[in-house]
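Q: I'd like to ask you about the structure that follows.
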Amino acid sequence: MALTDELLMQAGVATELLDGETVERLRVSARRERVPILSKVLAHYRIPVSALHRAVAESRQIPFIDLTTATIDRKLLKKLPGSLIKRKHFLPVQIDQNLMLVTADPDDMAGIAAATRLIGAELPIVMAEPKRLKLMVDNYLATSAMAVVEENATAPLETDLVVLLDTILTEAYLTRASDVHLLTEEEGLRIRLRIDGSLSDYPLAADQSVASGLVSRIKVLAGLDIAEQRQPQDGGFTYHLVAPFDLDFNIRVATAPTRLGERITMRLLGQESGGLTLTDLGMLEQDLARFSQAIRNPYGMILLTGPTGSGKSTTLFAALQEINKPDINIMTVENPIEYVIEGVSQIQTGPKISFADALRSLLRHDPDVLMVGEIRDAETADVAVKAAMTGHLVFSTLHTNNAVSAVTRLIDIGCEPFLIGSTMTAVIAQRLVRRLCRHCASKRTATEAERQALGYEDEIIEIFDPVGCAVCQGTGFRGRLGLFETLWFDEQLARMVAKGADEETLEQAAGDKLRFMWQDGCEKVLRGMTTLEEIQKVAVVKHLSQSEVTYDAAV
């Protein structure tokens with residue numbers, strides 16, 4: 001007997017993944033709406049069903065393994081009849097020279113006893129994600145001599161592409177994926193989800209015909225030419241997830257021709273638009289106070305810099321949400337519109353309207369605050385800077401590696417240094433790192449090398465390691481966190497920029513007006529918000545003294 005929905009939810013409550021009172025309220029709501037209670041729970045908590053299977057393993061103290069790191073022990077598997085493997089989904093696997101019997105149902109004691117007797121050895125019982133386990137079983141049966149003749153004689157079932165796409169996008173939403181990659185490979189369709197910045201495979205068995213059909217469906221939804229398969233194309237569409245989700249989000253679509261067929265990358269936009277605040281971004285108290293003050297200035301320019309996917313648009317959205325009041329006229333120029341903000345006029349650029357043209361038009365609509373999606377050419381930069389000069393507060397993004405280089409970049413584009421110095425309020429460079437799961441993070445004493453990197457060579461300090469639990473789906477991390485390098489302009493820095501000072505001179509003169517990303521990351525490591533390994537991936541090491549890093553209690 002497979003694990004029932006009730007057993008899954010009970011395990012979720014036992015491991016504190018779910019709240020018992022909330023589950024009961026959702027049960028009443030599910031009856032009223034006539035939807036399955038499990039679907040209602042997953043939608044409310046925004047977790048995949050695999051998280052509940054992990055909760056079952058955790059509550060019963062059974063290891064939960066990642067099957068992508070496991071190999072099937074075919075010698076032992078041959079001792080099991082194909083019918084038992086197909087019905088019970090038992091697999092003897094090997095991880096790091098350790099043999100174990102993986103199952104999705106630890107309550108099937110009779111089946112486990114039968115498998116143990118046939119194998120002739122008592123293997124440790126472990127659990128795994130049911131979808132991935134089923135895929136491994138199906139792949140094994142399809143490639144082995146145990147494939148049933150009747151199944152080979154039967155015509156393959158047609159895949160419902162509408163249901164398939166809905167299943168993929170639902171899983172992407174529940175796992176909080178930012179991107180969905182669809183690739184055509186020799187074996188067929190391969191789907192990968194980018195979750196918290198890392199790619200992972202989505203378990204699915206589909207041949208190349210399904211891959212081409214799914215690509216065509218996505219291209220139709222995105223308004224692309226399905227007959228054009230040799231040129232890259234860009235588009236987008238709004239997707240609606242049906243009850244119990246009942247929500248819409250925008251999807252940006254990009255196609256590219258490959259050797260075996262087209263690949264598609266879908267970026268899911270605006271999933272967190274419900275109530276994102278500046279506090280959610282991960283800014284520390286001092287930077288948060290300064291940023292909150294800067295976005296309330298009557299005029300000036302605030303720039304967010306960083307590579308694609310570093311969360312610049314999300315930070316701008318949170319800032320606009322913070323100041324969005326009925327007495328302020330906020331207007332934006334974007335491509336595409338990632339977040340829909342109630343009460344804000346948002347323009348999307350396209351072939352017939354550029355950023356500069358749209359910005360000039362908006363200046364005739366009596367704006368108080370302007371947001372330009374990206375400064376990418378001299379014309380846009382000139383209009384944005386002059387808008388800040390004429391009494392408007394301007395937000396925008398720029399592609400630079402750090403905060404100080406934003407000034408150099410604007411000058412390279414064609415802006416006059418004296419205009420930059422007289423309009424710039426703040427430049428914030430940012431990156432994203434994974435946030436430690438608060439439910440399972442483990443505290444330990446930092447090593448000598450870690451203390452040296454953090455600026456505490458002569459002091460014993462404690463940091464946190466990821467462990468993995470049902471809440472974070474075994475990764476040890478849940479969500480992402482911003483690392484910020486902040487440069488706050490005052491009269492002295494403005495005059496230096498106007499006179500054409502270089503980056504090194506500005507860094508030396510900034511003092512406490514400049515806070516490096518490495519400093520910000522080190523403090524977040526000490527607070528238990530992320531790990532040293534995470535900040536080393538995105539920030540340049542700065543050798544700090546204890547006076548430059550504040551050590552507070554974990555939050």
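Convention: chains lettered A, B, ... in structure tokens order; per-chain residue numbering from 1; ligands numbered from 1 as shown.
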So that I can see what lies close to segment 304-316 of chain A, please list as a list in words the residues with an atom at most 8 Å from it, counting only C-alpha atoms and leaving out residues fewer than 2 positions away in the same chain.
A: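 Close residues of segment 304-316 of chain A: Leu278, Leu281, Ile302, Ala318, Ala319, Leu320, Glu338, Gly373, Phe395, Ser396, Thr397, Leu398, His399, Thr400, Asn401, Asn402, Ala403, Ala406, Val427, Ile428, Ala429, Gln430, Arg431, Leu432 and Gly482 of chain A.
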Q: Once you have the residues from the selection above, write them out as a compact mmCIF listing (two decimals), in the first residue's frame, restricted to C-alpha atoms.
A:
```
# COMPACT_ATOMS: atom_id res chain seq x y z
CA LEU A 278 12.94 45.64 1.62
CA LEU A 281 15.92 41.23 0.50
CA ILE A 302 19.76 55.34 -7.52
CA ALA A 318 10.59 46.20 -3.40
CA ALA A 319 11.76 49.82 -3.29
CA LEU A 320 8.85 50.98 -5.45
CA GLU A 338 8.52 41.42 -14.50
CA GLY A 373 14.63 48.93 -16.53
CA PHE A 395 15.80 54.25 -10.38
CA SER A 396 17.67 52.12 -12.89
CA THR A 397 20.02 49.16 -13.37
CA LEU A 398 23.46 48.89 -14.91
CA HIS A 399 25.79 45.97 -15.69
CA THR A 400 28.99 46.48 -13.67
CA ASN A 401 30.96 44.28 -11.31
CA ASN A 402 31.03 46.62 -8.32
CA ALA A 403 29.51 49.84 -7.05
CA ALA A 406 29.16 52.34 -12.14
CA VAL A 427 24.93 52.84 -6.19
CA ILE A 428 24.23 49.33 -4.95
CA ALA A 429 25.98 46.30 -6.46
CA GLN A 430 24.37 43.01 -5.57
CA ARG A 431 24.63 39.24 -5.96
CA LEU A 432 22.47 36.37 -4.75
CA GLY A 482 21.14 39.37 -1.37
```
Q: Using only C-alpha atoms, determine which residues lie at most 10 Å from Asp160 of chain A, disregarding the query and same-chain residues fewer than 6 positions distant; provide the list as a PDB file with N, CA and C atoms, in the first residue's frame.
A:
```
ATOM      1  N   VAL A 210       7.778  13.872 -28.265  1.00  0.00           N
ATOM      2  CA  VAL A 210       7.174  14.659 -27.192  1.00  0.00           C
ATOM      3  C   VAL A 210       7.926  15.968 -27.025  1.00  0.00           C
ATOM      4  N   GLY A 213       6.918  18.331 -29.772  1.00  0.00           N
ATOM      5  CA  GLY A 213       5.543  18.790 -29.560  1.00  0.00           C
ATOM      6  C   GLY A 213       5.453  19.808 -28.450  1.00  0.00           C
ATOM      7  N   LEU A 214       6.198  19.578 -27.361  1.00  0.00           N
ATOM      8  CA  LEU A 214       6.176  20.514 -26.243  1.00  0.00           C
ATOM      9  C   LEU A 214       6.813  21.843 -26.638  1.00  0.00           C
TER      10      LEU A 214
END
```
Q: List every residue of segment 167-251 of chain A that DSSP, applied to the backbone of this structure, assigns to alpha helix (DSSP H), and report them as a PyMOL selection string.
A: chain A and resi 167-174+208-221
Q: So that I have them on file, write out the residues from the current selection with N, CA and C atoms, as a short mmCIF file (atom, residue, chain, number, x, y, z; two decimals), in the first residue's frame.
A:
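What landed in part35.cif:
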```cif
data_model
loop_
_atom_site.label_atom_id
_atom_site.label_comp_id
_atom_site.auth_asym_id
_atom_site.auth_seq_id
_atom_site.Cartn_x
_atom_site.Cartn_y
_atom_site.Cartn_z
N THR A 167 1.95 20.36 -15.67
CA THR A 167 2.65 19.62 -14.61
C THR A 167 4.04 20.19 -14.38
N ILE A 168 4.75 20.49 -15.47
CA ILE A 168 6.11 21.02 -15.35
C ILE A 168 6.10 22.40 -14.69
N LEU A 169 5.20 23.28 -15.13
CA LEU A 169 5.17 24.63 -14.57
C LEU A 169 4.65 24.63 -13.13
N THR A 170 3.75 23.71 -12.80
CA THR A 170 3.30 23.59 -11.42
C THR A 170 4.45 23.17 -10.51
N GLU A 171 5.22 22.18 -10.97
CA GLU A 171 6.39 21.74 -10.18
C GLU A 171 7.40 22.87 -10.05
N ALA A 172 7.61 23.63 -11.13
CA ALA A 172 8.54 24.75 -11.08
C ALA A 172 8.08 25.79 -10.07
N TYR A 173 6.79 26.04 -10.02
CA TYR A 173 6.27 27.02 -9.06
C TYR A 173 6.42 26.51 -7.63
N LEU A 174 6.08 25.25 -7.40
CA LEU A 174 6.15 24.69 -6.04
C LEU A 174 7.58 24.61 -5.52
N GLN A 208 11.73 12.04 -28.35
CA GLN A 208 11.97 13.26 -29.11
C GLN A 208 10.70 13.82 -29.73
N SER A 209 9.74 12.97 -30.01
CA SER A 209 8.47 13.47 -30.56
C SER A 209 7.73 14.31 -29.53
N VAL A 210 7.78 13.87 -28.27
CA VAL A 210 7.17 14.66 -27.19
C VAL A 210 7.93 15.97 -27.02
N ALA A 211 9.25 15.92 -27.13
CA ALA A 211 10.06 17.12 -27.00
C ALA A 211 9.69 18.15 -28.07
N SER A 212 9.60 17.71 -29.32
CA SER A 212 9.26 18.65 -30.39
C SER A 212 7.84 19.18 -30.24
N GLY A 213 6.92 18.33 -29.77
CA GLY A 213 5.54 18.79 -29.56
C GLY A 213 5.45 19.81 -28.45
N LEU A 214 6.20 19.58 -27.36
CA LEU A 214 6.18 20.51 -26.24
C LEU A 214 6.81 21.84 -26.64
N VAL A 215 7.89 21.80 -27.42
CA VAL A 215 8.52 23.03 -27.90
C VAL A 215 7.55 23.82 -28.76
N SER A 216 6.83 23.14 -29.63
CA SER A 216 5.86 23.82 -30.49
C SER A 216 4.75 24.47 -29.67
N ARG A 217 4.27 23.77 -28.65
CA ARG A 217 3.21 24.34 -27.81
C ARG A 217 3.68 25.60 -27.11
N ILE A 218 4.88 25.57 -26.57
CA ILE A 218 5.40 26.75 -25.87
C ILE A 218 5.59 27.90 -26.84
N LYS A 219 6.06 27.61 -28.07
CA LYS A 219 6.26 28.67 -29.06
C LYS A 219 4.93 29.29 -29.47
N VAL A 220 3.89 28.49 -29.56
CA VAL A 220 2.56 29.04 -29.88
C VAL A 220 2.09 29.97 -28.76
N LEU A 221 2.23 29.52 -27.51
CA LEU A 221 1.81 30.34 -26.37
C LEU A 221 2.60 31.65 -26.32
#
```
Q: Which distance in Å separates atom CA of Pro106 of chain A and atom CA of Ser50 of chain A, to one decimal?
A: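 For atom CA of Pro106 of chain A relative to atom CA of Ser50 of chain A, the distance reads 14.6 Å.
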Q: Please provide the set of residues having any atom within 7 Å of Asp520 of chain A, restricted to only C-alpha atoms, with same-chain residues fewer than 3 positions apart removed, written as number ranges by chain.
A: A: 483-484, 516-517, 523-524
